[in-house]
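Enquirer: input-v8.cif is reproduced below (mmCIF, C-alpha atoms and all ligand atoms).
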```cif
data_upload
loop_
_atom_site.label_atom_id
_atom_site.label_comp_id
_atom_site.auth_asym_id
_atom_site.auth_seq_id
_atom_site.Cartn_x
_atom_site.Cartn_y
_atom_site.Cartn_z
CA MET V 1475 -20.39 -2.63 -18.38
CA ASP V 1476 -22.77 0.02 -19.60
CA ARG V 1477 -24.02 3.02 -17.66
CA ASP V 1478 -27.44 1.51 -16.81
CA GLN V 1479 -25.84 -1.64 -15.41
CA LEU V 1480 -23.49 0.51 -13.38
CA ILE V 1481 -26.36 2.52 -11.94
CA ASP V 1482 -28.33 -0.65 -11.12
CA LEU V 1483 -25.35 -2.17 -9.37
CA THR V 1484 -24.75 1.02 -7.43
CA ARG V 1485 -28.39 1.18 -6.30
CA ARG V 1486 -28.25 -2.47 -5.27
CA ALA V 1487 -25.03 -1.95 -3.32
CA LEU V 1488 -26.42 1.12 -1.56
CA LYS V 1489 -29.63 -0.73 -0.62
CA LEU V 1490 -27.67 -3.64 0.80
CA ALA V 1491 -25.52 -1.21 2.79
CA ARG V 1492 -28.61 0.61 4.08
CA ASP V 1493 -30.27 -2.69 5.06
CA LYS V 1494 -27.02 -3.88 6.65
CA THR V 1495 -27.10 -7.12 4.70
CA THR V 1496 -25.56 -8.70 1.67
CA ASP V 1497 -26.63 -10.80 -1.29
CA LEU V 1498 -27.90 -14.16 -0.06
CA THR V 1499 -27.70 -17.55 -1.71
CA PRO V 1500 -31.04 -19.18 -2.53
CA ALA V 1501 -30.29 -22.07 -0.15
CA GLU V 1502 -28.19 -22.53 2.96
CA HIS V 1503 -24.54 -22.94 2.10
CA THR V 1504 -22.19 -25.03 4.19
CA VAL V 1505 -18.53 -24.21 4.40
CA ALA V 1506 -16.16 -27.09 5.02
CA ALA V 1507 -14.44 -26.87 8.41
CA ASP V 1508 -10.99 -27.16 6.91
CA THR V 1509 -11.57 -23.82 5.22
CA TYR V 1510 -10.77 -22.42 8.65
CA THR V 1511 -8.34 -25.01 9.94
CA SER V 1512 -6.21 -26.04 6.97
CA ALA V 1513 -2.59 -25.04 7.48
CA GLN V 1514 -1.98 -25.39 3.77
CA ARG V 1515 -4.83 -23.06 2.91
CA HIS V 1516 -3.60 -20.57 5.50
CA ALA V 1517 -0.13 -20.64 3.92
CA GLU V 1518 -1.59 -20.18 0.44
CA ASP V 1519 -3.82 -17.29 1.52
CA LYS V 1520 -0.95 -15.61 3.33
CA SER V 1521 1.33 -16.01 0.37
CA MET V 1522 -1.33 -14.56 -1.93
CA LEU V 1523 -1.77 -11.52 0.31
CA LEU V 1524 1.95 -10.95 0.67
CA THR V 1525 2.53 -11.07 -3.05
CA SER V 1526 -0.55 -9.10 -4.11
CA PRO V 1527 -0.49 -5.34 -4.46
CA GLN V 1528 -1.99 -3.77 -1.33
CA LEU V 1529 -3.69 -0.41 -1.38
CA VAL V 1530 -2.06 1.61 1.39
CA GLY V 1531 -2.88 5.26 0.78
CA TYR V 1532 -3.53 8.18 -1.53
CA SER V 1533 -0.95 9.66 -3.87
CA SER V 1534 -1.78 13.01 -2.31
CA GLU V 1535 -0.35 11.79 0.98
CA LEU V 1536 3.05 12.22 -0.68
CA PRO V 1537 2.27 15.53 -2.36
CA ARG V 1538 5.74 16.40 -3.69
CA PRO V 1539 9.30 15.08 -3.90
CA GLY V 1540 10.89 15.00 -0.48
CA THR V 1541 7.80 13.89 1.43
CA TYR V 1542 7.33 10.70 3.40
CA GLY V 1543 4.68 8.85 5.37
CA THR V 1544 4.36 5.71 7.44
CA LYS V 1545 1.73 2.99 7.43
CA THR V 1546 1.11 -0.21 9.32
CA VAL V 1547 0.27 -2.92 6.79
CA MET V 1548 -0.61 -6.39 8.08
CA GLY V 1549 1.23 -5.59 11.29
CA ARG V 1550 4.37 -4.31 9.58
CA SER V 1551 5.55 -0.73 9.76
CA ILE V 1552 6.14 0.60 6.25
CA LEU V 1553 7.93 3.79 5.25
CA LEU V 1554 6.69 5.44 2.05
CA THR V 1555 8.70 8.17 0.38
CA ARG V 1556 8.55 10.29 -2.74
CA SER V 1557 12.12 10.72 -3.79
CA ALA V 1558 13.68 13.56 -5.76
CA ASP V 1559 12.75 12.02 -9.13
CA ASN V 1560 9.08 11.86 -8.02
CA THR V 1561 9.19 8.09 -7.62
CA VAL V 1562 7.19 6.55 -4.80
CA ARG V 1563 9.20 4.03 -2.81
CA ALA V 1564 8.35 1.72 0.06
CA PHE V 1565 10.66 0.30 2.70
CA ASP V 1566 10.42 -1.74 5.83
CA ASN V 1567 10.48 1.02 8.44
CA VAL V 1568 13.27 -0.75 10.29
CA CYS V 1569 16.71 0.64 11.03
CA LEU V 1570 19.67 -1.37 9.80
CA HIS V 1571 21.38 -0.99 13.16
CA ARG V 1572 19.13 -2.40 15.87
CA GLN V 1573 15.81 -2.55 14.06
CA SER V 1574 14.31 0.54 15.66
CA ARG V 1575 11.45 2.21 13.77
CA ILE V 1576 12.98 5.02 11.76
CA ALA V 1577 10.05 7.36 11.19
CA ASP V 1578 6.56 8.00 12.50
CA GLY V 1579 3.74 9.98 10.98
CA CYS V 1580 4.42 11.96 7.85
CA GLY V 1581 6.22 15.07 6.71
CA ALA V 1582 8.90 16.47 4.43
CA ALA V 1583 12.59 15.82 4.88
CA ARG V 1584 15.74 15.29 2.86
CA ARG V 1585 16.91 12.68 5.31
CA LEU V 1586 15.42 10.60 8.10
CA ALA V 1587 17.38 9.90 11.26
CA CYS V 1588 16.70 6.89 13.41
CA PRO V 1589 15.72 8.16 16.88
CA TYR V 1590 17.87 5.56 18.60
CA HIS V 1591 21.48 6.25 17.52
CA ALA V 1592 20.80 8.66 14.64
CA TRP V 1593 21.81 6.49 11.72
CA THR V 1594 20.52 8.50 8.81
CA TYR V 1595 18.84 7.52 5.53
CA ASP V 1596 17.95 9.44 2.41
CA LEU V 1597 14.52 9.06 0.81
CA ASP V 1598 15.89 6.43 -1.57
CA GLY V 1599 16.60 4.30 1.51
CA ASN V 1600 20.38 4.65 1.38
CA LEU V 1601 22.28 4.74 4.65
CA VAL V 1602 24.03 8.11 4.41
CA GLY V 1603 25.16 8.86 7.94
CA VAL V 1604 26.50 6.91 10.90
CA PRO V 1605 27.37 9.33 13.72
CA GLY V 1606 30.25 8.14 15.87
CA LYS V 1607 31.25 5.61 13.27
CA GLU V 1608 34.33 4.73 15.29
CA GLY V 1609 31.95 3.24 17.84
CA PHE V 1610 30.88 0.61 15.31
CA PRO V 1611 34.17 -1.02 14.27
CA GLU V 1612 32.45 -4.25 13.38
CA THR V 1613 29.89 -2.62 11.13
CA ARG V 1614 30.65 -3.47 7.56
CA SER V 1615 31.63 -0.56 5.44
CA GLY V 1616 30.29 0.15 1.96
CA PRO V 1617 26.83 1.02 0.75
CA ALA V 1618 23.83 -0.16 2.72
CA LYS V 1619 20.16 0.31 2.10
CA LEU V 1620 16.84 -0.22 3.82
CA THR V 1621 14.83 -3.23 2.67
CA GLU V 1622 12.90 -1.93 -0.32
CA LEU V 1623 9.50 -3.30 -1.24
CA PRO V 1624 7.71 -3.16 -4.59
CA ALA V 1625 5.70 0.06 -4.77
CA ALA V 1626 3.61 1.80 -7.38
CA GLU V 1627 1.28 4.70 -7.89
CA CYS V 1628 -1.88 4.00 -9.83
CA ALA V 1629 -5.22 5.78 -10.20
CA GLY V 1630 -4.32 8.23 -7.46
CA PHE V 1631 -3.54 5.50 -4.94
CA LEU V 1632 -0.35 4.07 -3.44
CA TRP V 1633 0.20 0.33 -3.73
CA ILE V 1634 2.85 -1.89 -2.26
CA SER V 1635 3.65 -5.56 -2.06
CA LEU V 1636 4.88 -6.87 1.27
CA ASP V 1637 7.06 -9.50 -0.36
CA ARG V 1638 10.23 -7.87 -1.60
CA ASP V 1639 10.70 -10.62 -4.16
CA ALA V 1640 7.09 -10.77 -5.29
CA LYS V 1641 7.15 -8.37 -8.21
CA SER V 1642 9.36 -5.58 -9.29
CA PRO V 1643 7.95 -2.08 -8.76
CA SER V 1644 7.43 -1.82 -12.50
CA ALA V 1645 5.52 -5.10 -12.52
CA VAL V 1646 3.21 -3.78 -9.83
CA ARG V 1647 2.88 -0.59 -11.81
CA ASN V 1648 1.96 -2.65 -14.84
CA THR V 1649 -0.97 -4.32 -13.10
CA ASN V 1650 -2.89 -1.82 -15.18
CA CYS V 1651 -5.51 -1.30 -12.52
CA GLU V 1652 -6.39 2.16 -13.76
CA SER V 1653 -7.82 0.97 -17.03
CA PRO V 1654 -10.48 -1.35 -15.54
CA ILE V 1655 -11.38 1.34 -13.03
CA ARG V 1656 -11.86 3.82 -15.80
CA SER V 1657 -13.87 1.48 -17.98
CA ARG V 1658 -16.14 0.31 -15.18
CA SER V 1659 -16.76 3.72 -13.76
CA PRO V 1660 -16.89 6.26 -16.55
CA CYS V 1661 -18.31 8.89 -14.21
CA LEU V 1662 -15.22 8.74 -12.02
CA ARG V 1663 -12.37 11.00 -13.06
CA MET V 1664 -8.96 9.73 -12.01
CA ARG V 1665 -7.81 13.24 -11.32
CA ASP V 1666 -10.53 13.48 -8.66
CA LEU V 1667 -8.58 10.94 -6.67
CA THR V 1668 -5.43 12.99 -6.56
CA GLY V 1669 -6.83 16.21 -5.10
CA LYS V 1670 -5.70 17.26 -1.67
CA SER V 1671 -9.23 17.18 -0.31
CA PHE V 1672 -9.31 13.47 -1.00
CA THR V 1673 -6.86 12.92 1.85
CA ASN V 1674 -9.76 13.70 4.19
CA VAL V 1675 -11.65 10.63 3.06
CA PRO V 1676 -10.91 7.72 5.40
CA LEU V 1677 -9.05 5.00 3.53
CA ARG V 1678 -11.44 2.37 4.87
CA LEU V 1679 -14.20 4.17 2.98
CA SER V 1680 -12.19 3.92 -0.21
CA ARG V 1681 -11.55 0.29 0.52
CA SER V 1682 -15.27 -0.28 0.77
CA VAL V 1683 -15.62 1.39 -2.59
CA ILE V 1684 -12.88 -0.60 -4.20
CA LYS V 1685 -13.38 -4.31 -4.31
CA LYS V 1686 -10.44 -6.44 -5.17
CA SER V 1687 -11.22 -9.07 -7.73
CA SER V 1688 -8.99 -11.81 -9.02
CA SER V 1689 -6.30 -9.94 -10.87
CA CYS V 1690 -7.41 -6.36 -11.05
CA PHE V 1691 -9.37 -3.87 -9.04
CA SER V 1692 -12.85 -2.62 -9.77
CA ILE V 1693 -14.62 0.41 -8.43
CA LEU V 1694 -18.19 -0.13 -7.35
CA VAL V 1695 -19.45 3.45 -7.25
S1 LIG V 1701 18.74 1.38 16.06
FE1 LIG V 1701 18.73 2.90 14.55
S2 LIG V 1701 20.58 3.90 14.83
FE2 LIG V 1701 20.65 2.35 16.30
#
```
Could I get this file's structure written as structure tokens?
Ligand code: FES
Expert:
Amino acid sequence: MDRDQLIDLTRRALKLARDKTTDLTPAEHTVAADTYTSAQRHAEDKSMLLTSPQLVGYSSELPRPGTYGTKTVMGRSILLTRSADNTVRAFDNVCLHRQSRIADGCGAARRLACPYHAWTYDLDGNLVGVPGKEGFPETRSGPAKLTELPAAECAGFLWISLDRDAKSPSAVRNTNCESPIRSRSPCLRMRDLTGKSFTNVPLRLSRSVIKKSSSCFSILV
């Protein structure tokens, strides 16, 4: 897409937003009722959403190793961490003991302790402390880890998949979303998306800017 096309599209999008409308088809369009009632379609849509990368935040929300944050994504509480090797990880924010939520909000910590009985996890999700272990004789010994989800950092944003088996983190990382964003929006500098000030922009605004298309993501302004 060349620069003139980009400017035309942007003007059109802004006008539609100002007029509180959208592009209209030339004639009335009827949607089949089973679009809304089909159980099979519902299952397919849900599966697609669970396996697709979801944009959940800005890289700058995890500004350095040892920071964490929490998000609610499609009703699920998700724990995001930046571990010591600078890797962004995502976990179900659910304690291995009695499924309490482990963390709320965001911050910096070497370890996170569940508020219920203080089972403790490092930022790689490993269970590293069980206070009063003698009180849990039935608990299996050996390494244990929070449920990890595919996560990636791309174009200054944090992405996860809600299906742990959907794609490996590297596969999500290889969705190569940054390249189409760059090519479609030459005036946008990726580094602009990683600045601290960008955390002040509501994510819903970014979501309105980014429109998900079939297999990649394109930026509209
Ligand atoms: S529920 Fe988390 S330590 Fe018990």
Enquirer: Near stretch 1614-1626 of chain V, within 10 Å and counting only C-alpha atoms, which residues show up once chain neighbours fewer than 5 positions away are dropped, as a PyMOL selection string?
Expert: chain V and resi 1525+1527-1529+1533+1552-1554+1561-1570+1595-1596+1598-1602+1607+1631-1649
Enquirer: Got a sec to check which residues lie within 7 Å of ligand LIG 1701 (chain V), using all atoms listed in the file, and send them as a ChimeraX atom specification?
Expert: /V:1569-1574,1576,1588-1593
Enquirer: I need the residue nearest V:Gly1630 from this list: V:Leu1498, V:Leu1523, V:Val1530, V:Met1475. Use all atoms listed in the file for the distance.
Expert: V:Val1530
Enquirer: Which residues are close to V:Asn1560, i.e. within 9 Å by all atoms listed in the file, leaving aside same-chain residues fewer than 5 positions away? Reply as a VMD selection string.
Expert: chain V and resid 1538 to 1540
Enquirer: As AutoDock Vina command-line options, please report the centre and edge lengths, rounded to one decimal in Å, of the axis-aligned box that holds all listed atoms of stretch 1577-1591 of chain V with 6 Å of padding on each of the six sides.
Expert:
```
--center_x 12.6 --center_y 11.0 --center_z 10.7 --size_x 29.7 --size_y 22.9 --size_z 27.7
```
Enquirer: Pick from V:Glu1518, V:Leu1524, V:Ala1577, V:Asp1508: nearest to V:Gly1549, with all atoms listed in the file counted?
Expert: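 Selected residue with least distance to V:Gly1549: V:Leu1524.
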Enquirer: Could stretch 1585-1606 of chain V be completed with N, CA and C atoms and returned as a PDB file, keeping the file's coordinate frame?
Expert:
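Output saved as result38.pdb:
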```
ATOM      1  N   ARG V1585      16.368  13.880   4.709  1.00  0.00           N
ATOM      2  CA  ARG V1585      16.910  12.680   5.310  1.00  0.00           C
ATOM      3  C   ARG V1585      16.101  12.323   6.557  1.00  0.00           C
ATOM      4  N   LEU V1586      16.120  11.049   6.899  1.00  0.00           N
ATOM      5  CA  LEU V1586      15.420  10.600   8.100  1.00  0.00           C
ATOM      6  C   LEU V1586      16.434   9.971   9.037  1.00  0.00           C
ATOM      7  N   ALA V1587      16.420  10.422  10.281  1.00  0.00           N
ATOM      8  CA  ALA V1587      17.380   9.900  11.260  1.00  0.00           C
ATOM      9  C   ALA V1587      16.670   8.972  12.229  1.00  0.00           C
ATOM     10  N   CYS V1588      17.245   7.823  12.432  1.00  0.00           N
ATOM     11  CA  CYS V1588      16.700   6.890  13.410  1.00  0.00           C
ATOM     12  C   CYS V1588      16.782   7.542  14.793  1.00  0.00           C
ATOM     13  N   PRO V1589      15.701   7.479  15.570  1.00  0.00           N
ATOM     14  CA  PRO V1589      15.720   8.160  16.880  1.00  0.00           C
ATOM     15  C   PRO V1589      16.621   7.493  17.904  1.00  0.00           C
ATOM     16  N   TYR V1590      17.115   6.301  17.594  1.00  0.00           N
ATOM     17  CA  TYR V1590      17.870   5.560  18.600  1.00  0.00           C
ATOM     18  C   TYR V1590      19.345   6.009  18.644  1.00  0.00           C
ATOM     19  N   HIS V1591      20.069   5.822  17.554  1.00  0.00           N
ATOM     20  CA  HIS V1591      21.480   6.250  17.520  1.00  0.00           C
ATOM     21  C   HIS V1591      21.776   7.136  16.318  1.00  0.00           C
ATOM     22  N   ALA V1592      20.694   7.648  15.697  1.00  0.00           N
ATOM     23  CA  ALA V1592      20.800   8.660  14.640  1.00  0.00           C
ATOM     24  C   ALA V1592      21.452   8.182  13.351  1.00  0.00           C
ATOM     25  N   TRP V1593      21.429   6.888  13.074  1.00  0.00           N
ATOM     26  CA  TRP V1593      21.810   6.490  11.720  1.00  0.00           C
ATOM     27  C   TRP V1593      20.806   7.151  10.771  1.00  0.00           C
ATOM     28  N   THR V1594      21.336   7.620   9.650  1.00  0.00           N
ATOM     29  CA  THR V1594      20.520   8.500   8.810  1.00  0.00           C
ATOM     30  C   THR V1594      20.375   7.930   7.406  1.00  0.00           C
ATOM     31  N   TYR V1595      19.171   8.093   6.850  1.00  0.00           N
ATOM     32  CA  TYR V1595      18.840   7.520   5.530  1.00  0.00           C
ATOM     33  C   TYR V1595      18.281   8.608   4.631  1.00  0.00           C
ATOM     34  N   ASP V1596      18.614   8.531   3.343  1.00  0.00           N
ATOM     35  CA  ASP V1596      17.950   9.440   2.410  1.00  0.00           C
ATOM     36  C   ASP V1596      16.620   8.814   1.974  1.00  0.00           C
ATOM     37  N   LEU V1597      15.857   9.548   1.160  1.00  0.00           N
ATOM     38  CA  LEU V1597      14.520   9.060   0.810  1.00  0.00           C
ATOM     39  C   LEU V1597      14.548   7.951  -0.233  1.00  0.00           C
ATOM     40  N   ASP V1598      15.749   7.619  -0.724  1.00  0.00           N
ATOM     41  CA  ASP V1598      15.890   6.430  -1.570  1.00  0.00           C
ATOM     42  C   ASP V1598      16.253   5.205  -0.725  1.00  0.00           C
ATOM     43  N   GLY V1599      16.317   5.421   0.602  1.00  0.00           N
ATOM     44  CA  GLY V1599      16.600   4.300   1.510  1.00  0.00           C
ATOM     45  C   GLY V1599      18.063   4.050   1.776  1.00  0.00           C
ATOM     46  N   ASN V1600      18.949   4.871   1.191  1.00  0.00           N
ATOM     47  CA  ASN V1600      20.380   4.650   1.380  1.00  0.00           C
ATOM     48  C   ASN V1600      20.834   5.115   2.762  1.00  0.00           C
ATOM     49  N   LEU V1601      21.668   4.322   3.389  1.00  0.00           N
ATOM     50  CA  LEU V1601      22.280   4.740   4.650  1.00  0.00           C
ATOM     51  C   LEU V1601      23.330   5.792   4.318  1.00  0.00           C
ATOM     52  N   VAL V1602      23.126   7.015   4.803  1.00  0.00           N
ATOM     53  CA  VAL V1602      24.030   8.110   4.410  1.00  0.00           C
ATOM     54  C   VAL V1602      24.760   8.725   5.590  1.00  0.00           C
ATOM     55  N   GLY V1603      24.460   8.283   6.789  1.00  0.00           N
ATOM     56  CA  GLY V1603      25.160   8.860   7.940  1.00  0.00           C
ATOM     57  C   GLY V1603      25.164   7.911   9.120  1.00  0.00           C
ATOM     58  N   VAL V1604      26.365   7.727   9.692  1.00  0.00           N
ATOM     59  CA  VAL V1604      26.500   6.910  10.900  1.00  0.00           C
ATOM     60  C   VAL V1604      27.299   7.732  11.903  1.00  0.00           C
ATOM     61  N   PRO V1605      26.639   8.518  12.748  1.00  0.00           N
ATOM     62  CA  PRO V1605      27.370   9.330  13.720  1.00  0.00           C
ATOM     63  C   PRO V1605      28.196   8.443  14.655  1.00  0.00           C
ATOM     64  N   GLY V1606      29.382   8.916  14.980  1.00  0.00           N
ATOM     65  CA  GLY V1606      30.250   8.140  15.870  1.00  0.00           C
ATOM     66  C   GLY V1606      30.619   6.808  15.269  1.00  0.00           C
TER      67      GLY V1606
END
```
